[in-house]
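So this block is start26.cif, mmCIF, C-alpha atoms:
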data_start
loop_
_atom_site.group_PDB
_atom_site.id
_atom_site.type_symbol
_atom_site.label_atom_id
_atom_site.label_comp_id
_atom_site.auth_asym_id
_atom_site.auth_seq_id
_atom_site.Cartn_x
_atom_site.Cartn_y
_atom_site.Cartn_z
ATOM 1 C CA MET L 1 -96.075 106.976 13.628
ATOM 2 C CA PRO L 2 -95.109 109.229 10.703
ATOM 3 C CA HIS L 3 -92.636 112.036 11.294
ATOM 4 C CA TYR L 4 -93.942 115.599 11.456
ATOM 5 C CA ASN L 5 -90.842 117.464 10.398
ATOM 6 C CA ARG L 6 -91.062 119.912 7.521
ATOM 7 C CA TYR L 7 -87.551 119.095 6.303
ATOM 8 C CA PHE L 8 -88.279 115.404 6.335
ATOM 9 C CA ASP L 9 -91.623 116.011 4.619
ATOM 10 C CA LYS L 10 -89.765 117.843 1.845
ATOM 11 C CA GLU L 11 -87.340 114.943 1.483
ATOM 12 C CA LEU L 12 -90.269 112.539 1.091
ATOM 13 C CA GLN L 13 -91.914 114.843 -1.439
ATOM 14 C CA ASP L 14 -88.646 115.127 -3.387
ATOM 15 C CA LEU L 15 -88.376 111.352 -3.348
ATOM 16 C CA LYS L 16 -91.892 110.973 -4.695
ATOM 17 C CA GLU L 17 -91.219 113.469 -7.484
ATOM 18 C CA ILE L 18 -87.987 111.866 -8.645
ATOM 19 C CA VAL L 19 -89.608 108.408 -8.634
ATOM 20 C CA LEU L 20 -92.328 109.833 -10.873
ATOM 21 C CA ARG L 21 -89.686 111.416 -13.098
ATOM 22 C CA LEU L 22 -88.044 108.027 -13.502
ATOM 23 C CA GLY L 23 -91.449 106.516 -14.231
ATOM 24 C CA GLY L 24 -92.031 109.082 -16.972
ATOM 25 C CA MET L 25 -88.664 108.271 -18.519
ATOM 26 C CA VAL L 26 -89.493 104.570 -18.537
ATOM 27 C CA GLU L 27 -92.953 105.200 -20.024
ATOM 28 C CA GLU L 28 -91.308 107.082 -22.886
ATOM 29 C CA GLN L 29 -88.741 104.332 -23.428
ATOM 30 C CA VAL L 30 -91.391 101.610 -23.586
ATOM 31 C CA SER L 31 -93.553 103.672 -25.926
ATOM 32 C CA ASN L 32 -90.617 104.418 -28.227
ATOM 33 C CA ALA L 33 -89.500 100.790 -28.339
ATOM 34 C CA ILE L 34 -92.945 99.581 -29.405
ATOM 35 C CA GLN L 35 -93.282 102.441 -31.893
ATOM 36 C CA ALA L 36 -89.898 101.537 -33.366
ATOM 37 C CA LEU L 37 -91.173 98.009 -33.907
ATOM 38 C CA MET L 38 -94.401 99.133 -35.531
ATOM 39 C CA ASP L 39 -92.666 101.602 -37.876
ATOM 40 C CA HIS L 40 -89.497 99.575 -38.536
ATOM 41 C CA ASN L 41 -87.749 102.671 -37.213
ATOM 42 C CA VAL L 42 -84.129 101.697 -36.687
ATOM 43 C CA GLU L 43 -83.044 105.163 -35.573
ATOM 44 C CA LEU L 44 -85.713 105.296 -32.870
ATOM 45 C CA ALA L 45 -84.651 101.846 -31.684
ATOM 46 C CA LYS L 46 -81.020 102.986 -31.465
ATOM 47 C CA THR L 47 -82.021 106.147 -29.592
ATOM 48 C CA THR L 48 -84.011 104.070 -27.113
ATOM 49 C CA ILE L 49 -80.990 101.868 -26.461
ATOM 50 C CA ASP L 50 -78.728 104.896 -26.026
ATOM 51 C CA ASN L 51 -81.131 106.557 -23.575
ATOM 52 C CA ASP L 52 -81.031 103.643 -21.149
ATOM 53 C CA HIS L 53 -78.015 105.097 -19.361
ATOM 54 C CA ALA L 54 -80.147 108.014 -18.115
ATOM 55 C CA ILE L 55 -82.565 105.580 -16.472
ATOM 56 C CA ASN L 56 -79.733 103.686 -14.808
ATOM 57 C CA LYS L 57 -78.186 106.928 -13.550
ATOM 58 C CA THR L 58 -81.490 108.146 -12.109
ATOM 59 C CA GLU L 59 -82.128 104.798 -10.425
ATOM 60 C CA VAL L 60 -78.755 105.019 -8.639
ATOM 61 C CA GLU L 61 -79.522 108.587 -7.589
ATOM 62 C CA ILE L 62 -82.850 107.570 -6.071
ATOM 63 C CA ASP L 63 -81.319 104.538 -4.394
ATOM 64 C CA GLU L 64 -78.755 106.746 -2.681
ATOM 65 C CA MET L 65 -81.485 109.183 -1.642
ATOM 66 C CA CYS L 66 -83.467 106.360 -0.021
ATOM 67 C CA ILE L 67 -80.412 105.013 1.800
ATOM 68 C CA ASN L 68 -79.674 108.477 3.201
ATOM 69 C CA ILE L 69 -83.254 108.887 4.410
ATOM 70 C CA LEU L 70 -83.193 105.487 6.097
ATOM 71 C CA ALA L 71 -79.833 106.162 7.735
ATOM 72 C CA LEU L 72 -80.386 109.757 8.828
ATOM 73 C CA ARG L 73 -84.129 109.897 9.501
ATOM 74 C CA GLN L 74 -84.798 106.334 10.671
ATOM 75 C CA PRO L 75 -88.443 106.508 9.535
ATOM 76 C CA MET L 76 -91.110 104.328 11.108
ATOM 77 C CA GLY L 77 -94.561 103.052 10.201
ATOM 78 C CA PRO L 78 -96.069 104.540 7.014
ATOM 79 C CA ASP L 79 -92.952 106.606 6.300
ATOM 80 C CA LEU L 80 -90.771 103.507 6.441
ATOM 81 C CA ARG L 81 -93.150 101.630 4.116
ATOM 82 C CA PHE L 82 -93.092 104.588 1.709
ATOM 83 C CA VAL L 83 -89.303 104.668 1.473
ATOM 84 C CA THR L 84 -88.888 100.898 1.184
ATOM 85 C CA THR L 85 -91.648 100.827 -1.441
ATOM 86 C CA ALA L 86 -89.846 103.520 -3.419
ATOM 87 C CA ILE L 87 -86.675 101.397 -3.398
ATOM 88 C CA LYS L 88 -88.557 98.428 -4.826
ATOM 89 C CA ILE L 89 -90.447 100.551 -7.355
ATOM 90 C CA ILE L 90 -87.296 102.008 -8.888
ATOM 91 C CA ASP L 91 -85.835 98.526 -9.238
ATOM 92 C CA ASN L 92 -88.891 97.458 -11.216
ATOM 93 C CA LEU L 93 -88.807 100.638 -13.293
ATOM 94 C CA GLU L 94 -85.148 100.061 -14.170
ATOM 95 C CA ARG L 95 -85.970 96.534 -15.293
ATOM 96 C CA MET L 96 -88.797 97.872 -17.460
ATOM 97 C CA GLY L 97 -86.234 100.139 -19.064
ATOM 98 C CA ASP L 98 -84.113 97.068 -19.761
ATOM 99 C CA MET L 99 -87.102 95.426 -21.439
ATOM 100 C CA ALA L 100 -87.500 98.483 -23.690
ATOM 101 C CA VAL L 101 -83.835 98.081 -24.668
ATOM 102 C CA ASN L 102 -84.381 94.380 -25.370
ATOM 103 C CA ILE L 103 -87.355 95.179 -27.618
ATOM 104 C CA SER L 104 -85.272 97.775 -29.459
ATOM 105 C CA GLU L 105 -82.458 95.276 -29.984
ATOM 106 C CA ARG L 106 -84.901 92.833 -31.541
ATOM 107 C CA VAL L 107 -86.152 95.646 -33.789
ATOM 108 C CA LEU L 108 -82.584 96.020 -35.051
ATOM 109 C CA ASP L 109 -82.393 92.257 -35.599
ATOM 110 C CA LEU L 110 -85.582 92.381 -37.672
ATOM 111 C CA ALA L 111 -84.491 95.412 -39.713
ATOM 112 C CA GLY L 112 -84.379 94.726 -43.430
ATOM 113 C CA GLU L 113 -86.404 91.529 -43.177
ATOM 114 C CA PRO L 114 -89.968 91.301 -44.524
ATOM 115 C CA ARG L 115 -92.626 91.514 -41.856
ATOM 116 C CA LEU L 116 -93.783 88.049 -40.878
ATOM 117 C CA LYS L 117 -97.333 89.122 -40.048
ATOM 118 C CA ALA L 118 -99.376 92.183 -39.288
ATOM 119 C CA TYR L 119 -98.671 93.338 -35.754
ATOM 120 C CA LEU L 120 -102.102 93.430 -34.138
ATOM 121 C CA ASP L 121 -101.826 91.798 -30.725
ATOM 122 C CA ILE L 122 -98.392 93.209 -29.892
ATOM 123 C CA PRO L 123 -99.527 96.873 -29.971
ATOM 124 C CA ARG L 124 -102.580 95.850 -27.942
ATOM 125 C CA MET L 125 -100.282 94.255 -25.392
ATOM 126 C CA GLY L 126 -98.123 97.361 -25.455
ATOM 127 C CA ASP L 127 -101.076 99.665 -24.845
ATOM 128 C CA ILE L 128 -102.236 97.581 -21.882
ATOM 129 C CA ALA L 129 -98.722 97.375 -20.425
ATOM 130 C CA LYS L 130 -98.235 101.142 -20.776
ATOM 131 C CA SER L 131 -101.615 101.730 -19.133
ATOM 132 C CA MET L 132 -100.629 99.409 -16.285
ATOM 133 C CA LEU L 133 -97.379 101.300 -15.785
ATOM 134 C CA LYS L 134 -99.123 104.668 -15.721
ATOM 135 C CA ASN L 135 -101.871 103.461 -13.400
ATOM 136 C CA SER L 136 -99.453 101.808 -11.004
ATOM 137 C CA LEU L 137 -97.511 105.073 -10.675
ATOM 138 C CA ASP L 138 -100.741 107.048 -10.276
ATOM 139 C CA ALA L 139 -101.753 104.619 -7.544
ATOM 140 C CA PHE L 140 -98.411 105.213 -5.842
ATOM 141 C CA VAL L 141 -98.839 108.991 -5.885
ATOM 142 C CA THR L 142 -102.490 109.019 -4.816
ATOM 143 C CA ARG L 143 -102.227 105.995 -2.494
ATOM 144 C CA ASN L 144 -105.137 104.499 -4.435
ATOM 145 C CA THR L 145 -105.398 100.775 -3.693
ATOM 146 C CA GLU L 146 -108.457 100.328 -5.942
ATOM 147 C CA LEU L 147 -106.428 101.542 -8.914
ATOM 148 C CA ALA L 148 -103.625 99.224 -7.856
ATOM 149 C CA GLN L 149 -106.057 96.288 -7.858
ATOM 150 C CA GLN L 150 -107.175 97.241 -11.376
ATOM 151 C CA VAL L 151 -103.567 96.993 -12.527
ATOM 152 C CA ARG L 152 -103.348 93.502 -11.057
ATOM 153 C CA MET L 153 -106.447 92.455 -13.001
ATOM 154 C CA GLN L 154 -105.077 93.850 -16.285
ATOM 155 C CA ASP L 155 -102.092 91.526 -16.053
ATOM 156 C CA ASP L 156 -104.275 88.551 -17.002
ATOM 157 C CA MET L 157 -105.150 90.271 -20.293
ATOM 158 C CA VAL L 158 -101.481 90.603 -21.207
ATOM 159 C CA ASP L 159 -100.809 86.975 -20.276
ATOM 160 C CA ALA L 160 -103.674 85.836 -22.519
ATOM 161 C CA LEU L 161 -102.369 87.848 -25.471
ATOM 162 C CA THR L 162 -98.864 86.463 -24.933
ATOM 163 C CA ALA L 163 -100.194 82.914 -25.111
ATOM 164 C CA GLN L 164 -102.224 83.769 -28.220
ATOM 165 C CA ILE L 165 -99.184 85.246 -29.992
ATOM 166 C CA PHE L 166 -97.093 82.209 -29.045
ATOM 167 C CA ARG L 167 -99.648 79.804 -30.552
ATOM 168 C CA GLU L 168 -99.927 81.827 -33.743
ATOM 169 C CA LEU L 169 -96.165 82.107 -34.227
ATOM 170 C CA LEU L 170 -95.724 78.418 -33.496
ATOM 171 C CA SER L 171 -98.038 77.637 -36.388
ATOM 172 C CA TYR L 172 -95.944 79.876 -38.691
ATOM 173 C CA MET L 173 -92.749 78.063 -37.694
ATOM 174 C CA THR L 174 -94.342 74.644 -38.134
ATOM 175 C CA GLU L 175 -95.621 75.446 -41.606
ATOM 176 C CA ASP L 176 -92.457 77.192 -42.817
ATOM 177 C CA PRO L 177 -89.154 76.626 -40.985
ATOM 178 C CA GLN L 178 -87.655 79.658 -42.753
ATOM 179 C CA THR L 179 -89.838 81.882 -40.556
ATOM 180 C CA ILE L 180 -88.278 80.548 -37.345
ATOM 181 C CA PRO L 181 -85.692 83.351 -36.827
ATOM 182 C CA ARG L 182 -88.258 86.125 -37.308
ATOM 183 C CA ALA L 183 -90.960 84.351 -35.330
ATOM 184 C CA THR L 184 -88.562 83.700 -32.461
ATOM 185 C CA ARG L 185 -87.639 87.386 -32.246
ATOM 186 C CA ILE L 186 -91.300 88.382 -32.206
ATOM 187 C CA MET L 187 -91.903 85.843 -29.439
ATOM 188 C CA PHE L 188 -89.115 87.469 -27.462
ATOM 189 C CA ILE L 189 -90.710 90.892 -27.970
ATOM 190 C CA SER L 190 -94.079 89.673 -26.701
ATOM 191 C CA LYS L 191 -92.326 88.143 -23.698
ATOM 192 C CA TYR L 192 -90.555 91.428 -22.968
ATOM 193 C CA ILE L 193 -93.871 93.280 -23.021
ATOM 194 C CA GLU L 194 -95.338 90.654 -20.704
ATOM 195 C CA ARG L 195 -92.439 91.271 -18.318
ATOM 196 C CA ILE L 196 -93.146 95.014 -18.388
ATOM 197 C CA ALA L 197 -96.717 94.237 -17.346
ATOM 198 C CA ASP L 198 -95.404 91.939 -14.599
ATOM 199 C CA HIS L 199 -93.223 94.727 -13.218
ATOM 200 C CA ALA L 200 -96.176 97.136 -13.291
ATOM 201 C CA THR L 201 -98.130 94.536 -11.324
ATOM 202 C CA ASN L 202 -95.277 94.338 -8.815
ATOM 203 C CA ILE L 203 -95.490 98.108 -8.329
ATOM 204 C CA ALA L 204 -99.252 97.924 -7.819
ATOM 205 C CA GLU L 205 -98.828 95.223 -5.173
ATOM 206 C CA MET L 206 -96.199 97.332 -3.420
ATOM 207 C CA VAL L 207 -98.630 100.247 -3.343
ATOM 208 C CA ILE L 208 -101.173 98.057 -1.562
ATOM 209 C CA TYR L 209 -98.509 97.130 0.970
ATOM 210 C CA MET L 210 -97.476 100.773 1.378
ATOM 211 C CA VAL L 211 -101.032 101.937 2.042
ATOM 212 C CA ASP L 212 -102.562 98.999 3.917
ATOM 213 C CA GLY L 213 -99.488 97.238 5.260
ATOM 214 C CA LYS L 214 -100.820 94.089 3.596
ATOM 215 C CA ILE L 215 -98.700 91.798 1.420
ATOM 216 C CA VAL L 216 -100.812 90.534 -1.492
ATOM 217 C CA ARG L 217 -97.927 89.247 -3.618
ATOM 218 C CA HIS L 218 -98.154 85.437 -3.896
ATOM 219 C CA THR L 219 -100.729 85.400 -1.096
ATOM 220 C CA GLU L 220 -103.930 87.026 -2.325
ATOM 221 C CA PRO L 221 -105.521 86.035 -5.664
ATOM 222 C CA VAL L 222 -106.712 88.721 -8.048
ATOM 223 C CA VAL L 223 -110.489 88.964 -8.064
ATOM 224 C CA ALA L 224 -112.641 90.785 -10.582
ATOM 225 C CA ALA L 225 -115.311 93.167 -9.384
ATOM 226 C CA HIS L 226 -118.872 93.079 -10.712
ATOM 227 C CA LYS L 227 -120.604 96.306 -11.680
ATOM 228 C CA ASP L 228 -122.602 96.224 -8.478
ATOM 229 C CA GLY L 229 -119.346 96.295 -6.546
ATOM 230 C CA GLN L 230 -119.447 92.642 -5.487
ATOM 231 C CA LYS L 231 -116.437 90.449 -6.124
ATOM 232 C CA GLU L 232 -116.397 87.088 -7.835
#

How does the structure come out when it is put into structure tokens?
Amino acid sequence: MPHYNRYFDKELQDLKEIVLRLGGMVEEQVSNAIQALMDHNVELAKTTIDNDHAINKTEVEIDEMCINILALRQPMGPDLRFVTTAIKIIDNLERMGDMAVNISERVLDLAGEPRLKAYLDIPRMGDIAKSMLKNSLDAFVTRNTELAQQVRMQDDMVDALTAQIFRELLSYMTEDPQTIPRATRIMFISKYIERIADHATNIAEMVIYMVDGKIVRHTEPVVAAHKDGQKE
């Protein structure tokens, strides 16, 4: 049974708000890292790297808040699932921040070198990953399991684009070995974006657990819904 204590309710609300604040910080970091790549913007890449400390600091702050709630309030049922879900969410958000740093570091590596190819699929991947992050956090706030399931389905799109980019870059490296260093860095970037999408998927699956008490990670396949509402 959830607690009905106004002080505890405020603590839970504060926890939700600071998790969302961390999510907003990570969204900005991911967006800036991809924008730095697209624009060859070294300064933006450096700023993104420098800003990672704020994400780490906020993650520690939230972690301590959750530990205090667990120790002092001893929540049960839905409240316990909410707090434990928040702990797992911030871990995934912090790792997304690390991926943004990794992308920015590769942008610095590529600085001054001619662009290997037009970046078409990478910004598409980035847009999907950013959408997944936003939707997973929205699902957390609104306890919307349908939105969480949509995030899970979007992950397949990112995986497909990652494989497509890998095949294309492999052909570049085969035809011209001099492109290997640049192609390898771009591969890394696509892999980092894929990991961001994976972490967003993790958050979505945690939301389903938080709301329904059902673990779908590794146990329940993602199914697409038809327009008439039936599932494949």

For Arg195 (chain L), which residue out of L:Arg95, L:Arg124, L:Arg115, L:Arg106 is the nearest one, using all atoms listed in the file?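 Between L:Arg95, L:Arg124, L:Arg115, L:Arg106, the residue approaching Arg195 (chain L) most closely is L:Arg95.
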
Gap from CA of Phe188 (chain L) to CA of Ser31 (chain L) - Å, one decimal: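 CA of Ser31 (chain L) lies at a distance of 16.9 Å from CA of Phe188 (chain L).
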
Coordinates-based distance that separates CA of Lys130 (chain L) from CA of Glu27 (chain L) (Å, one decimal):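 If I compute the distance from CA of Glu27 (chain L) to CA of Lys130 (chain L), I get 6.7 Å.
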
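A straight line drawn from CA of Leu169 (chain L) to CA of Ala183 (chain L) is 5.8 Å long.
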
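Closest approach to Thr179 (chain L) from the set L:Lys134, L:Pro114, L:Ile122, L:Gln74 is made by L:Pro114, with distances taken over all atoms listed in the file.
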
Could you name the residues that touch Ile90 (chain L) at 8 Å or less, counting all atoms listed in the file, but leaving out those on the same chain fewer than 2 positions away, as a list in words? Val19, Leu22, Glu59, Ile62, Asp63, Ala86, Ile87, Lys88, Asn92, Leu93 and Glu94 of chain L

Contacts of region 72-101 of chain L with region 6-10 of chain L up to 12 Å, shortest pair per row, all atoms listed in the file, as CSV:
residue,atom,partner,partner_atom,distance
L:Leu72,CA,L:Phe8,CA,10.0
L:Arg73,CA,L:Phe8,CA,7.6
L:Gln74,CA,L:Phe8,CA,10.6
L:Pro75,CA,L:Phe8,CA,9.5
L:Asp79,CA,L:Asp9,CA,9.6
L:Phe82,CA,L:Asp9,CA,11.9
L:Val83,CA,L:Phe8,CA,11.8

Select, counting all atoms listed in the file, all protein, DNA and RNA residues no farther than 7 Å from (-98.3, 97.2, -8.7) in file coordinates, and express the selection as a PyMOL selection string. chain L and resi 136+148+151-152+200-207

Using the structure just given, write a file holding C-alpha atoms for region 143-210 of chain L, as a tab-separated table (two decimals), in the first residue's frame.
chain	number	residue	atom	x	y	z
L	143	ARG	CA	2.89	6.47	-15.77
L	144	ASN	CA	2.02	5.81	-19.41
L	145	THR	CA	2.88	2.21	-20.30
L	146	GLU	CA	1.63	2.58	-23.90
L	147	LEU	CA	4.17	5.35	-24.47
L	148	ALA	CA	6.81	3.16	-22.85
L	149	GLN	CA	5.97	0.35	-25.29
L	150	GLN	CA	6.34	2.79	-28.20
L	151	VAL	CA	9.86	3.58	-27.02
L	152	ARG	CA	10.68	-0.13	-27.01
L	153	MET	CA	9.49	-0.42	-30.62
L	154	GLN	CA	11.58	2.57	-31.74
L	155	ASP	CA	14.74	0.81	-30.62
L	156	ASP	CA	14.56	-1.53	-33.63
L	157	MET	CA	14.73	1.49	-35.96
L	158	VAL	CA	17.97	2.66	-34.36
L	159	ASP	CA	19.45	-0.84	-34.54
L	160	ALA	CA	18.62	-1.04	-38.26
L	161	LEU	CA	20.27	2.32	-38.96
L	162	THR	CA	23.35	1.27	-36.99
L	163	ALA	CA	23.71	-1.84	-39.13
L	164	GLN	CA	23.20	0.20	-42.30
L	165	ILE	CA	25.90	2.71	-41.31
L	166	PHE	CA	28.28	-0.12	-40.44
L	167	ARG	CA	27.84	-1.74	-43.87
L	168	GLU	CA	28.33	1.56	-45.68
L	169	LEU	CA	31.46	2.48	-43.73
L	170	LEU	CA	32.88	-1.00	-44.21
L	171	SER	CA	32.65	-0.50	-47.96
L	172	TYR	CA	34.55	2.82	-47.65
L	173	MET	CA	37.34	1.14	-45.67
L	174	THR	CA	37.56	-1.76	-48.11
L	175	GLU	CA	37.83	0.50	-51.12
L	176	ASP	CA	40.27	2.98	-49.56
L	177	PRO	CA	42.28	1.97	-46.47
L	178	GLN	CA	43.15	5.64	-45.85
L	179	THR	CA	39.55	6.19	-44.75
L	180	ILE	CA	39.82	3.63	-41.94
L	181	PRO	CA	40.59	6.09	-39.08
L	182	ARG	CA	37.71	8.41	-39.97
L	183	ALA	CA	35.30	5.58	-40.72
L	184	THR	CA	36.14	3.87	-37.43
L	185	ARG	CA	35.39	7.04	-35.46
L	186	ILE	CA	32.05	7.44	-37.24
L	187	MET	CA	31.25	3.81	-36.43
L	188	PHE	CA	31.96	4.55	-32.79
L	189	ILE	CA	29.62	7.55	-32.92
L	190	SER	CA	26.79	5.48	-34.38
L	191	LYS	CA	27.39	2.87	-31.68
L	192	TYR	CA	27.23	5.54	-28.97
L	193	ILE	CA	23.89	6.76	-30.31
L	194	GLU	CA	22.64	3.18	-30.38
L	195	ARG	CA	23.63	2.87	-26.72
L	196	ILE	CA	21.68	6.03	-25.89
L	197	ALA	CA	18.62	4.42	-27.49
L	198	ASP	CA	19.28	1.23	-25.50
L	199	HIS	CA	19.33	3.20	-22.25
L	200	ALA	CA	16.09	4.95	-23.20
L	201	THR	CA	14.60	1.51	-23.80
L	202	ASN	CA	15.80	0.43	-20.35
L	203	ILE	CA	13.98	3.40	-18.82
L	204	ALA	CA	10.79	2.54	-20.71
L	205	GLU	CA	10.93	-1.05	-19.46
L	206	MET	CA	11.43	0.20	-15.90
L	207	VAL	CA	8.34	2.38	-16.27
L	208	ILE	CA	6.31	-0.69	-17.20
L	209	TYR	CA	7.63	-2.43	-14.11
L	210	MET	CA	6.89	0.61	-11.95
